[in-house]
$ cat protein14.txt   # compact mmCIF, C-alpha atoms and all ligand atoms
# COMPACT_ATOMS: atom_id res chain seq x y z
CA MET A 54 0.00 0.00 0.00
CA ALA A 55 1.22 3.49 -0.72
CA SER A 56 2.23 5.68 2.17
CA ARG A 57 0.08 8.70 2.66
CA THR A 58 -0.47 10.90 5.64
CA TYR A 59 -3.68 12.74 6.26
CA SER A 60 -3.99 15.96 8.17
CA PRO A 61 -4.65 15.36 11.85
CA ALA A 62 -8.32 15.24 11.04
CA ASP A 63 -11.26 15.13 13.34
CA PRO A 64 -13.03 12.16 11.73
CA GLY A 65 -16.32 14.01 12.05
CA PHE A 66 -19.87 12.86 12.57
CA GLY A 67 -21.83 10.76 10.09
CA VAL A 68 -25.33 9.39 9.64
CA TYR A 69 -25.88 5.93 8.14
CA VAL A 70 -29.32 5.09 6.74
CA HIS A 71 -30.03 1.43 6.01
CA TRP A 72 -32.52 0.42 3.30
CA PRO A 73 -32.96 -3.34 3.69
CA PHE A 74 -34.57 -4.39 0.38
CA CYS A 75 -33.27 -5.78 -2.91
CA LEU A 76 -34.90 -7.10 -6.07
CA SER A 77 -33.18 -10.45 -5.57
CA LYS A 78 -30.70 -11.97 -3.14
CA CYS A 79 -27.18 -12.39 -4.52
CA PRO A 80 -25.72 -15.80 -3.63
CA TYR A 81 -22.53 -14.39 -2.03
CA CYS A 82 -24.14 -11.64 0.06
CA ASP A 83 -24.80 -11.70 3.80
CA PHE A 84 -25.79 -8.06 4.18
CA ASN A 85 -29.10 -7.33 5.88
CA SER A 86 -31.06 -7.38 2.63
CA HIS A 87 -34.44 -8.92 1.91
CA VAL A 88 -36.65 -9.52 -1.10
CA ARG A 89 -40.36 -8.71 -0.80
CA PRO A 90 -43.07 -9.69 -3.29
CA HIS A 91 -45.07 -6.51 -2.64
CA PRO A 92 -44.25 -2.79 -2.94
CA ILE A 93 -42.69 -1.24 0.18
CA ASP A 94 -44.75 1.32 2.09
CA GLU A 95 -42.18 4.11 1.92
CA GLN A 96 -44.34 6.59 3.87
CA ARG A 97 -44.32 4.21 6.79
CA PHE A 98 -40.54 3.89 6.53
CA ILE A 99 -40.11 7.68 6.34
CA ALA A 100 -42.08 8.09 9.56
CA ALA A 101 -39.97 5.41 11.26
CA TYR A 102 -36.68 6.92 10.06
CA ARG A 103 -37.87 10.29 11.41
CA SER A 104 -38.59 8.73 14.80
CA GLU A 105 -35.20 7.06 14.98
CA LEU A 106 -33.45 10.30 13.96
CA ALA A 107 -35.28 12.24 16.68
CA HIS A 108 -34.27 9.58 19.20
CA ARG A 109 -30.58 9.64 18.21
CA ALA A 110 -30.51 13.44 18.02
CA LYS A 111 -31.32 13.58 21.75
CA LEU A 112 -28.23 11.46 22.44
CA ALA A 113 -25.92 13.37 20.09
CA LYS A 114 -26.83 17.03 20.28
CA GLY A 115 -25.12 19.88 18.48
CA ARG A 116 -23.14 17.84 15.94
CA SER A 117 -22.25 18.96 12.44
CA VAL A 118 -22.99 16.25 9.87
CA ALA A 119 -19.96 15.59 7.66
CA SER A 120 -21.52 12.68 5.82
CA VAL A 121 -24.75 10.82 5.16
CA PHE A 122 -24.63 7.34 3.64
CA PHE A 123 -27.64 5.52 2.18
CA GLY A 124 -26.58 1.87 2.25
CA GLY A 125 -28.26 -1.45 1.86
CA GLY A 126 -29.74 -3.55 0.56
CA THR A 127 -30.40 -1.46 -2.49
CA PRO A 128 -31.26 2.11 -1.46
CA SER A 129 -31.38 3.18 -5.12
CA LEU A 130 -34.76 1.39 -5.16
CA MET A 131 -36.07 4.06 -2.77
CA LYS A 132 -38.02 6.97 -4.20
CA ALA A 133 -36.02 10.20 -4.48
CA GLU A 134 -38.76 11.83 -2.37
CA THR A 135 -38.00 9.37 0.42
CA MET A 136 -34.31 10.30 0.37
CA ALA A 137 -35.20 14.01 0.35
CA ALA A 138 -37.52 13.52 3.34
CA ILE A 139 -34.80 11.69 5.30
CA LEU A 140 -32.21 14.36 4.46
CA ASP A 141 -34.65 17.09 5.56
CA ALA A 142 -35.16 15.27 8.86
CA ILE A 143 -31.40 15.00 9.38
CA ALA A 144 -30.99 18.72 8.65
CA ALA A 145 -33.77 19.52 11.14
CA HIS A 146 -31.79 17.91 13.98
CA TRP A 147 -28.19 18.81 13.17
CA THR A 148 -26.19 21.35 11.19
CA MET A 149 -25.16 20.05 7.79
CA ALA A 150 -21.46 20.75 7.11
CA PRO A 151 -21.14 23.05 4.08
CA ASN A 152 -19.43 20.33 2.03
CA VAL A 153 -21.47 17.43 3.43
CA GLU A 154 -20.94 14.18 1.52
CA VAL A 155 -24.18 12.38 0.69
CA THR A 156 -23.53 8.93 -0.77
CA LEU A 157 -26.02 6.53 -2.30
CA GLU A 158 -25.25 2.86 -2.92
CA ALA A 159 -26.84 2.02 -6.26
CA ASN A 160 -27.27 -1.07 -8.36
CA PRO A 161 -26.20 -0.36 -11.96
CA THR A 162 -29.42 -1.10 -13.80
CA SER A 163 -30.96 1.19 -16.39
CA VAL A 164 -34.02 1.73 -14.20
CA GLU A 165 -31.90 3.15 -11.42
CA ALA A 166 -29.60 5.16 -13.70
CA GLU A 167 -32.65 6.92 -15.19
CA ARG A 168 -33.37 8.23 -11.71
CA PHE A 169 -29.90 9.59 -10.93
CA ARG A 170 -30.93 13.19 -11.67
CA ALA A 171 -33.83 12.89 -9.24
CA PHE A 172 -31.45 11.51 -6.61
CA ARG A 173 -29.13 14.47 -7.21
CA SER A 174 -32.04 16.91 -6.80
CA ALA A 175 -32.90 15.13 -3.53
CA GLY A 176 -29.41 15.98 -2.22
CA VAL A 177 -27.25 12.98 -3.14
CA ASN A 178 -23.79 14.12 -4.34
CA ARG A 179 -21.89 10.83 -4.60
CA VAL A 180 -22.88 7.37 -5.87
CA SER A 181 -21.25 4.02 -5.33
CA LEU A 182 -22.33 1.45 -7.91
CA GLY A 183 -22.23 -2.31 -7.38
CA VAL A 184 -20.82 -3.35 -10.76
CA GLN A 185 -19.07 -6.51 -9.36
CA ALA A 186 -17.78 -7.91 -12.69
CA MET A 187 -17.15 -6.61 -16.20
CA ASN A 188 -18.43 -9.62 -18.20
CA ASP A 189 -21.87 -11.16 -18.51
CA ALA A 190 -20.94 -14.77 -17.71
CA ASP A 191 -19.42 -13.81 -14.36
CA LEU A 192 -22.26 -11.41 -13.57
CA LYS A 193 -24.65 -14.29 -14.10
CA ALA A 194 -22.56 -16.56 -11.87
CA LEU A 195 -22.71 -13.87 -9.18
CA GLY A 196 -26.49 -13.80 -9.54
CA ARG A 197 -26.54 -10.19 -10.69
CA LEU A 198 -29.53 -8.81 -12.56
CA HIS A 199 -27.55 -6.43 -14.82
CA THR A 200 -25.31 -6.98 -17.85
CA ALA A 201 -21.82 -5.52 -18.21
CA ALA A 202 -23.03 -3.11 -20.89
CA GLU A 203 -25.88 -1.96 -18.69
CA ALA A 204 -23.48 -1.43 -15.77
CA MET A 205 -21.09 0.65 -17.89
CA ALA A 206 -24.01 2.70 -19.21
CA ALA A 207 -25.04 3.36 -15.59
CA VAL A 208 -21.46 4.37 -14.74
CA GLU A 209 -21.44 6.82 -17.68
CA ILE A 210 -24.71 8.37 -16.48
CA ALA A 211 -23.30 8.59 -12.95
CA ALA A 212 -20.21 10.35 -14.34
CA LYS A 213 -22.40 12.91 -16.13
CA THR A 214 -24.69 13.43 -13.13
CA PHE A 215 -22.37 13.46 -10.11
CA ASP A 216 -18.98 15.05 -9.46
CA ARG A 217 -18.11 12.04 -7.33
CA TYR A 218 -18.78 8.42 -8.18
CA SER A 219 -17.21 5.06 -7.49
CA PHE A 220 -17.94 1.46 -8.30
CA ASP A 221 -17.37 -1.92 -6.67
CA LEU A 222 -15.81 -5.00 -8.21
CA ILE A 223 -15.42 -8.45 -6.68
CA TYR A 224 -12.26 -10.33 -7.68
CA ALA A 225 -10.71 -13.78 -7.13
CA ARG A 226 -14.03 -15.17 -8.34
CA PRO A 227 -14.55 -18.89 -9.02
CA GLY A 228 -12.62 -19.79 -12.17
CA GLN A 229 -11.12 -16.31 -12.66
CA SER A 230 -7.44 -16.16 -13.67
CA VAL A 231 -5.05 -13.45 -12.54
CA ALA A 232 -4.46 -12.50 -16.18
CA ALA A 233 -8.21 -12.11 -16.76
CA TRP A 234 -8.50 -9.94 -13.63
CA ARG A 235 -5.63 -7.75 -14.85
CA THR A 236 -7.43 -7.11 -18.15
CA GLU A 237 -10.74 -6.58 -16.38
CA LEU A 238 -9.31 -4.10 -13.88
CA GLU A 239 -7.56 -2.14 -16.65
CA GLU A 240 -10.89 -1.97 -18.47
CA ALA A 241 -12.62 -0.84 -15.27
CA LEU A 242 -10.07 1.95 -14.84
CA ARG A 243 -11.08 3.36 -18.22
CA HIS A 244 -14.53 3.98 -16.72
CA ALA A 245 -13.43 5.04 -13.24
CA LYS A 246 -12.80 8.57 -12.06
CA ASP A 247 -10.92 8.72 -8.79
CA HIS A 248 -12.34 5.97 -6.55
CA LEU A 249 -12.85 2.18 -6.83
CA SER A 250 -13.76 -0.42 -4.20
CA LEU A 251 -12.17 -3.80 -4.97
CA TYR A 252 -13.24 -6.72 -2.78
CA GLN A 253 -11.69 -10.15 -2.81
CA LEU A 254 -14.59 -12.65 -2.80
CA THR A 255 -15.23 -14.06 0.66
CA ILE A 256 -17.53 -16.93 1.56
CA GLU A 257 -19.98 -15.58 4.10
CA PRO A 258 -22.05 -17.63 6.55
CA ASP A 259 -25.55 -18.72 5.56
CA THR A 260 -25.20 -17.74 1.92
CA MET A 261 -25.86 -19.84 -1.17
CA PHE A 262 -22.13 -19.61 -1.98
CA GLU A 263 -21.32 -21.12 1.41
CA ARG A 264 -23.60 -24.07 0.69
CA LEU A 265 -22.04 -24.55 -2.76
CA PHE A 266 -18.55 -24.18 -1.34
CA ASN A 267 -19.19 -26.75 1.40
CA ALA A 268 -20.60 -29.13 -1.20
CA GLY A 269 -17.37 -28.77 -3.22
CA LYS A 270 -19.22 -27.08 -6.09
CA LEU A 271 -17.43 -23.73 -5.87
CA LYS A 272 -13.69 -23.60 -6.39
CA LEU A 273 -11.92 -20.55 -5.02
CA PRO A 274 -8.27 -19.53 -5.42
CA ASN A 275 -5.94 -20.94 -2.75
CA ALA A 276 -3.92 -18.61 -0.50
CA ASP A 277 -0.98 -18.30 -2.95
CA LEU A 278 -3.22 -17.44 -5.86
CA GLY A 279 -5.22 -15.07 -3.64
CA ARG A 280 -1.95 -13.30 -2.88
CA GLU A 281 -1.22 -12.98 -6.62
CA PHE A 282 -4.64 -11.39 -7.18
CA TRP A 283 -3.89 -8.99 -4.34
CA ASP A 284 -0.43 -8.05 -5.68
CA VAL A 285 -1.71 -7.41 -9.21
CA THR A 286 -4.51 -5.26 -7.80
CA GLN A 287 -2.08 -3.12 -5.79
CA GLU A 288 0.31 -2.81 -8.73
CA ILE A 289 -2.32 -1.71 -11.25
CA MET A 290 -4.09 0.68 -8.90
CA GLY A 291 -0.83 2.21 -7.71
CA LYS A 292 0.29 2.84 -11.28
CA ALA A 293 -3.10 4.37 -12.11
CA GLY A 294 -2.70 6.87 -9.25
CA LEU A 295 -5.48 5.31 -7.14
CA PRO A 296 -3.53 3.50 -4.41
CA ALA A 297 -5.31 1.69 -1.59
CA TYR A 298 -6.15 4.04 1.25
CA GLU A 299 -7.94 1.13 2.96
CA ILE A 300 -7.57 -2.58 2.45
CA SER A 301 -10.29 -2.71 -0.27
CA ASN A 302 -10.69 0.94 -1.19
CA HIS A 303 -8.61 2.86 -3.72
CA ALA A 304 -8.66 6.56 -4.51
CA SER A 305 -6.61 9.41 -5.76
CA PRO A 306 -5.63 11.68 -2.86
CA GLY A 307 -8.60 13.72 -1.70
CA ALA A 308 -11.20 11.44 -3.33
CA GLU A 309 -11.53 9.01 -0.41
CA SER A 310 -15.00 8.19 0.92
CA ARG A 311 -15.31 10.56 3.86
CA HIS A 312 -18.07 8.45 5.34
CA ASN A 313 -16.00 5.30 5.51
CA LEU A 314 -13.07 7.30 6.89
CA ILE A 315 -15.30 8.23 9.83
CA TYR A 316 -15.62 4.50 10.67
CA TRP A 317 -11.97 3.67 10.12
CA ARG A 318 -10.67 6.72 12.00
CA TYR A 319 -12.96 5.71 14.85
CA GLY A 320 -15.18 8.74 14.60
CA GLU A 321 -18.77 9.18 15.65
CA TYR A 322 -21.86 8.12 13.73
CA VAL A 323 -25.48 7.24 14.21
CA GLY A 324 -27.15 4.42 12.31
CA ILE A 325 -30.86 4.34 11.55
CA GLY A 326 -32.93 1.68 9.84
CA PRO A 327 -33.00 -2.11 10.26
CA GLY A 328 -29.72 -3.59 11.49
CA ALA A 329 -27.85 -0.25 11.50
CA HIS A 330 -24.93 0.31 13.87
CA GLY A 331 -23.77 3.48 15.61
CA ARG A 332 -21.00 4.75 17.86
CA ILE A 333 -21.85 7.84 19.90
CA LEU A 334 -19.63 9.74 22.30
CA THR A 335 -21.45 10.57 25.52
CA PRO A 336 -20.15 12.13 28.74
CA LYS A 337 -19.97 8.59 30.17
CA GLY A 338 -18.01 7.20 27.23
CA ARG A 339 -18.49 5.68 23.78
CA ARG A 340 -21.78 3.90 23.24
CA ALA A 341 -22.17 1.04 20.76
CA GLN A 342 -25.62 0.85 19.28
CA ALA A 343 -27.42 -1.51 16.91
CA THR A 344 -31.02 -1.80 15.79
CA GLU A 345 -33.40 -4.69 15.17
CA ARG A 346 -32.42 -6.35 11.88
CA HIS A 347 -35.72 -7.65 10.57
CA PRO A 348 -37.35 -4.89 8.47
CA GLU A 349 -41.00 -5.33 9.45
CA MET A 350 -40.10 -6.03 13.07
CA TRP A 351 -37.96 -2.88 13.05
CA LEU A 352 -40.95 -0.86 11.77
CA THR A 353 -43.25 -2.23 14.44
CA VAL A 354 -40.77 -1.64 17.27
CA VAL A 355 -40.05 1.93 16.11
CA GLU A 356 -43.78 2.64 15.86
CA THR A 357 -44.27 1.37 19.40
CA ASP A 358 -41.13 2.62 21.18
CA GLY A 359 -39.89 5.50 19.00
CA HIS A 360 -36.67 3.63 18.18
CA ALA A 361 -35.55 0.05 17.60
CA LEU A 362 -32.22 -0.14 19.39
CA VAL A 363 -31.61 -3.70 20.53
CA GLU A 364 -28.07 -2.94 21.62
CA ASP A 365 -26.97 0.22 23.42
CA GLU A 366 -24.02 -0.24 25.70
CA LEU A 367 -21.04 1.68 26.99
CA LEU A 368 -17.83 0.20 25.67
CA SER A 369 -15.03 -0.55 28.12
CA VAL A 370 -11.66 1.10 27.49
CA GLU A 371 -10.30 -2.25 26.29
CA GLU A 372 -13.18 -2.71 23.85
CA GLN A 373 -12.64 0.80 22.51
CA ALA A 374 -8.92 0.23 22.12
CA ASP A 375 -9.55 -3.03 20.23
CA GLU A 376 -12.06 -1.39 17.91
CA PHE A 377 -9.70 1.51 17.31
CA LEU A 378 -6.96 -0.92 16.22
CA LEU A 379 -9.31 -3.05 14.16
CA MET A 380 -10.57 -0.04 12.25
CA GLY A 381 -7.43 2.10 12.03
CA LEU A 382 -5.06 -0.61 10.89
CA ARG A 383 -7.19 -1.11 7.77
CA LEU A 384 -5.99 2.30 6.63
CA ALA A 385 -2.78 3.02 4.72
CA GLU A 386 -2.28 6.00 7.04
CA GLY A 387 -2.29 3.64 10.05
CA ILE A 388 -2.92 4.78 13.60
CA GLU A 389 -1.57 7.36 16.01
CA PRO A 390 -0.08 5.43 18.99
CA THR A 391 -0.88 8.28 21.40
CA GLN A 392 -4.55 8.01 20.42
CA PHE A 393 -4.46 4.32 21.33
CA GLN A 394 -2.91 5.25 24.65
CA ALA A 395 -5.54 7.90 25.33
CA LEU A 396 -8.33 5.36 24.68
CA SER A 397 -6.86 2.37 26.50
CA GLY A 398 -4.75 3.99 29.20
CA ARG A 399 -1.78 1.85 28.14
CA SER A 400 0.82 1.77 25.39
CA LEU A 401 0.92 -0.78 22.61
CA ASP A 402 3.06 -3.69 23.77
CA PRO A 403 6.59 -2.61 22.67
CA GLY A 404 7.72 -6.25 22.38
CA ARG A 405 4.90 -7.14 20.02
CA VAL A 406 5.41 -4.00 17.94
CA ALA A 407 9.15 -4.73 17.67
CA SER A 408 8.54 -8.33 16.66
CA LEU A 409 5.95 -7.36 14.01
CA ILE A 410 8.38 -4.74 12.68
CA ALA A 411 11.17 -7.33 12.59
CA ASP A 412 8.83 -9.65 10.62
CA GLY A 413 8.10 -6.81 8.18
CA MET A 414 4.38 -6.81 9.04
CA VAL A 415 4.10 -3.29 10.47
CA GLU A 416 6.17 -0.13 10.20
CA TYR A 417 6.44 3.38 11.61
CA THR A 418 5.66 6.29 9.30
CA PRO A 419 7.98 9.30 9.28
CA HIS A 420 5.32 11.02 11.44
CA GLY A 421 5.45 8.33 14.12
CA ARG A 422 2.22 6.60 13.15
CA ILE A 423 2.09 2.81 13.05
CA ARG A 424 0.77 1.16 9.95
CA VAL A 425 0.53 -2.29 8.45
CA SER A 426 3.15 -2.81 5.71
CA ALA A 427 2.55 -3.99 2.15
CA GLU A 428 3.58 -7.47 3.32
CA GLY A 429 1.26 -7.35 6.32
CA PHE A 430 -1.92 -6.31 4.53
CA PRO A 431 -2.73 -9.67 2.93
CA VAL A 432 -2.70 -11.14 6.48
CA LEU A 433 -4.25 -8.12 8.20
CA ASP A 434 -6.51 -10.07 10.57
CA ALA A 435 -3.56 -11.96 12.04
CA VAL A 436 -1.52 -8.76 12.42
CA VAL A 437 -4.35 -6.95 14.22
CA ALA A 438 -4.97 -9.96 16.49
CA ASP A 439 -1.29 -10.04 17.38
CA LEU A 440 -1.11 -6.32 18.16
CA ALA A 441 -4.38 -6.25 20.11
CA ALA A 442 -3.60 -9.30 22.26
C1 LIG A 501 -24.03 -3.61 0.50
S1 LIG A 501 -23.21 -4.26 -0.84
C2 LIG A 501 -23.70 -3.25 -2.23
C3 LIG A 501 -24.97 -2.77 -2.42
C4 LIG A 501 -25.70 -2.94 -3.69
N1 LIG A 501 -26.92 -3.58 -3.35
C5 LIG A 501 -25.05 -3.78 -4.74
O1 LIG A 501 -25.07 -4.99 -4.64
O2 LIG A 501 -24.59 -3.21 -5.71
C6 LIG A 501 -21.57 -3.61 -0.78
C7 LIG A 501 -20.53 -4.34 -1.61
O3 LIG A 501 -19.97 -5.39 -0.87
C8 LIG A 501 -19.36 -6.30 -1.76
N2 LIG A 501 -19.64 -7.65 -1.30
C9 LIG A 501 -20.78 -8.13 -0.78
N3 LIG A 501 -20.64 -9.43 -0.43
C10 LIG A 501 -19.36 -9.78 -0.74
C11 LIG A 501 -18.58 -10.99 -0.63
N4 LIG A 501 -19.11 -12.10 -0.13
N5 LIG A 501 -17.30 -10.96 -1.03
C12 LIG A 501 -16.75 -9.84 -1.53
N6 LIG A 501 -17.43 -8.68 -1.68
C13 LIG A 501 -18.72 -8.65 -1.29
C14 LIG A 501 -19.95 -6.03 -3.15
O4 LIG A 501 -18.97 -5.52 -4.00
C15 LIG A 501 -21.01 -5.00 -2.86
O5 LIG A 501 -21.13 -4.08 -3.90
S1 LIG A 502 -25.06 -7.65 -3.10
FE1 LIG A 502 -26.36 -5.86 -3.09
S2 LIG A 502 -28.10 -6.42 -4.47
FE2 LIG A 502 -27.08 -8.30 -3.91
S3 LIG A 502 -28.26 -9.04 -2.13
FE3 LIG A 502 -26.44 -7.92 -1.35
S4 LIG A 502 -27.18 -5.87 -0.99
FE4 LIG A 502 -28.69 -6.89 -2.35

$ encode --input "protein14.txt" --output "structure tokens"
Amino acid sequence: MASRTYSPADPGFGVYVHWPFCLSKCPYCDFNSHVRPHPIDEQRFIAAYRSELAHRAKLAKGRSVASVFFGGGTPSLMKAETMAAILDAIAAHWTMAPNVEVTLEANPTSVEAERFRAFRSAGVNRVSLGVQAMNDADLKALGRLHTAAEAMAAVEIAAKTFDRYSFDLIYARPGQSVAAWRTELEEALRHAKDHLSLYQLTIEPDTMFERLFNAGKLKLPNADLGREFWDVTQEIMGKAGLPAYEISNHASPGAESRHNLIYWRYGEYVGIGPGAHGRILTPKGRRAQATERHPEMWLTVVETDGHALVEDELLSVEEQADEFLLMGLRLAEGIEPTQFQALSGRSLDPGRVASLIADGMVEYTPHGRIRVSAEGFPVLDAVVADLAA
């Protein structure tokens, strides 16, 4: 990963809005997304989102919103009016920062692309499109409803409609060769602007892919081949001027997703909607919050109680320190050791740091931050576990 240092930024305050519905369930996906045979009652959802916002606003008064993120599920299936109503409700509770980032996760179908202008009028200023693959056979194998041509047409419309856009690809897919991925990524870069999210396929629990994998019907690259995919990805993106600023996210400097940086820099955010998570700073400490996951249950609970938090607990200093490491070490900029100390009341274990440095897994930046090295990133989980222990 390229070395880059950010200004000593306050990560800011963000609002995450979860829309839990999709047109179909992709076989690899374990996000909180559901398919319904009937139209969704968006007015009912708007009222529930308003209630949850009012509830969270009482716990986090006086913040300035740096970012709003509509995630899913497929929030591009929402009406633009619904987005506008939610953004109005957010603005009624908090100040919106002058350059607030408002991101929408969108599926790249023609139906959704036709509505991009309406989304922009509603206040969206950045879209992130789930392209996933650049050829029809692989899109079909991933259970996607769009073709490659349709996805690229949606990307072109996004480019004309929004100053900021990004798209997602999944690589190391069953049967994919490293050479084919190289060609595919180079093709993707011809359509990209300044941000791409590139995820190595993972087998998630309770998905169709997990069942196929366990039955021996899905062949994935082994660890060595996975490492080759990773190296090619870093090489191509580095050369293109979009190095990784996070393990799966690549951008030219300044084009990073500010919303995701709030999470990774261990900032503060509220989450509304089914299965949304939040981290709020209160005088007693950092609170971890999560809502009811099931969409209709979430609606009913919000309508009864005014919110649907099923988890709302103060984190211990150790839990905060672990989360801080887990999030911050995903970033190319790494972490500030004094911030770890302030959270945990102790220093990082000097012996462990020295041994990870000796193994080439972590390194100090010229500014005294600690970051995972290019060698350490492919085994990030093990490095974090070692440092946090
Ligand atoms: C919430 S999903 C995207 C939303 C949108 N509904 C879509 O599919 O385009 C966020 C991204 O996570 C990635 N993703 C989901 N499941 C994955 C898996 N099992 N392995 C790798 N990437 C995955 C996909 O690239 C996806 O676009
Ligand atoms: S990948 Fe996106 S479209 Fe597919 S089920 Fe998951 S959230 Fe829905």

$ closest_atom_pairs --input "protein14.txt" --of "chain A" --to "ligand LIG 502 (chain A)" --cutoff "9 Å" --atoms "all atoms listed in the file" --output "tab-separated table"
residue	atom	partner	partner_atom	distance
A:Pro73	CA	A:LIG502	S4	7.9
A:Phe74	CA	A:LIG502	FE4	6.9
A:Cys75	CA	A:LIG502	FE4	4.7
A:Leu76	CA	A:LIG502	S2	7.0
A:Ser77	CA	A:LIG502	S3	6.2
A:Lys78	CA	A:LIG502	S3	3.9
A:Cys79	CA	A:LIG502	FE2	4.1
A:Pro80	CA	A:LIG502	S3	7.4
A:Tyr81	CA	A:LIG502	S1	7.3
A:Cys82	CA	A:LIG502	FE3	4.6
A:Asp83	CA	A:LIG502	FE3	6.6
A:Phe84	CA	A:LIG502	FE3	5.6
A:Asn85	CA	A:LIG502	S4	7.3
A:Ser86	CA	A:LIG502	S4	5.5
A:His87	CA	A:LIG502	S3	7.4
A:Val88	CA	A:LIG502	S3	8.5
A:Gly124	CA	A:LIG502	S4	8.4
A:Gly125	CA	A:LIG502	S4	5.4
A:Gly126	CA	A:LIG502	S4	3.8
A:Thr127	CA	A:LIG502	S4	5.7
A:Pro128	CA	A:LIG502	S4	9.0
A:Glu158	CA	A:LIG502	FE1	8.8
A:Ala159	CA	A:LIG502	FE1	8.5
A:Asn160	CA	A:LIG502	S2	6.7
A:Gly183	CA	A:LIG502	FE1	6.9
A:Gln185	CA	A:LIG502	S1	8.7
A:Leu195	CA	A:LIG502	FE2	8.8
A:Gly196	CA	A:LIG502	FE2	7.9
A:Arg197	CA	A:LIG502	FE2	7.1
A:Leu198	CA	A:LIG502	S2	8.6

$ atom_distance --input "protein14.txt" --atom1 "atom CA of A:Gly338" --atom2 "atom CA of A:Val370"
8.8 Å

$ residues_around --input "protein14.txt" --residues "stretch 247-256 of chain A" --least-positions-apart "4" --cutoff "10 Å" --atoms "all atoms listed in the file" --output "count of residues only"
54

$ closest_residue --input "protein14.txt" --among "A:Ala211, A:Ala204, A:Leu384, A:Leu409" --to "ligand LIG 501 (chain A)" --atoms "all atoms listed in the file"
A:Ala204

$ atom_distance --input "protein14.txt" --atom1 "atom CA of A:Arg340" --atom2 "atom CA of A:Asn152"
26.9 Å

$ closest_residue --input "protein14.txt" --among "A:Arg170, A:His71, A:Arg424, A:Arg280" --to "ligand LIG 501 (chain A)" --atoms "all atoms listed in the file"
A:His71

$ closest_residue --input "protein14.txt" --among "A:Val164, A:Ile315, A:Val118, A:Ala186" --to "A:Ala233" --atoms "all atoms listed in the file"
A:Ala186

$ closest_residue --input "protein14.txt" --among "A:His199, A:Lys111, A:Lys337, A:Arg332" --to "ligand LIG 501 (chain A)" --atoms "all atoms listed in the file"
A:His199

$ atom_distance --input "protein14.txt" --atom1 "atom CA of A:Arg346" --atom2 "atom N5 of ligand LIG 501 (chain A)"
20.4 Å

$ axis_aligned_box --input "protein14.txt" --around "ligand LIG 501 (chain A)" --padding-each-side "6 Å" --output "JSON"
{"center_x": -21.8, "center_y": -7.4, "center_z": -2.6, "size_x": 22.2, "size_y": 21.3, "size_z": 18.2}

$ closest_residue --input "protein14.txt" --among "A:Arg422, A:Arg405, A:Arg173, A:His330" --to "A:Val70" --atoms "all atoms listed in the file"
A:His330

$ closest_residue --input "protein14.txt" --among "A:Gly331, A:Pro161, A:Gly324, A:Gly429" --to "ligand LIG 501 (chain A)" --atoms "all atoms listed in the file"
A:Pro161

$ residues_around --input "protein14.txt" --residues "A:His244" --least-positions-apart "4" --cutoff "9 Å" --atoms "all atoms listed in the file" --output "list in words"
Met205, Val208, Glu209, Ala212 and Glu240 of chain A

$ residues_around --input "protein14.txt" --residues "A:Tyr319" --least-positions-apart "3" --cutoff "7 Å" --atoms "all atoms listed in the file" --output "JSON, numbers by chain"
{"A": [315, 316, 377, 380]}

$ residues_around --input "protein14.txt" --residues "A:Trp147" --least-positions-apart "3" --cutoff "10 Å" --atoms "only C-alpha atoms" --output "JSON, numbers by chain"
{"A": [110, 113, 114, 115, 116, 117, 118, 142, 143, 144, 150]}

$ build_atoms --input "protein14.txt" --residues "stretch 203-211 of chain A" --atoms "N, CA and C atoms" --output "compact mmCIF listing (two decimals), in the frame of the given file"
# COMPACT_ATOMS: atom_id res chain seq x y z
N GLU A 203 -24.94 -2.77 -19.47
CA GLU A 203 -25.88 -1.96 -18.69
C GLU A 203 -25.15 -1.27 -17.54
N ALA A 204 -24.23 -2.01 -16.90
CA ALA A 204 -23.48 -1.43 -15.77
C ALA A 204 -22.62 -0.26 -16.25
N MET A 205 -21.95 -0.44 -17.41
CA MET A 205 -21.09 0.65 -17.89
C MET A 205 -21.92 1.86 -18.32
N ALA A 206 -23.12 1.59 -18.86
CA ALA A 206 -24.01 2.70 -19.21
C ALA A 206 -24.42 3.46 -17.93
N ALA A 207 -24.68 2.72 -16.86
CA ALA A 207 -25.04 3.36 -15.59
C ALA A 207 -23.87 4.17 -15.04
N VAL A 208 -22.65 3.64 -15.20
CA VAL A 208 -21.46 4.37 -14.74
C VAL A 208 -21.31 5.67 -15.54
N GLU A 209 -21.55 5.59 -16.85
CA GLU A 209 -21.44 6.82 -17.68
C GLU A 209 -22.48 7.85 -17.24
N ILE A 210 -23.67 7.41 -16.93
CA ILE A 210 -24.71 8.37 -16.48
C ILE A 210 -24.32 8.94 -15.12
N ALA A 211 -23.77 8.09 -14.25
CA ALA A 211 -23.30 8.59 -12.95
C ALA A 211 -22.23 9.65 -13.15
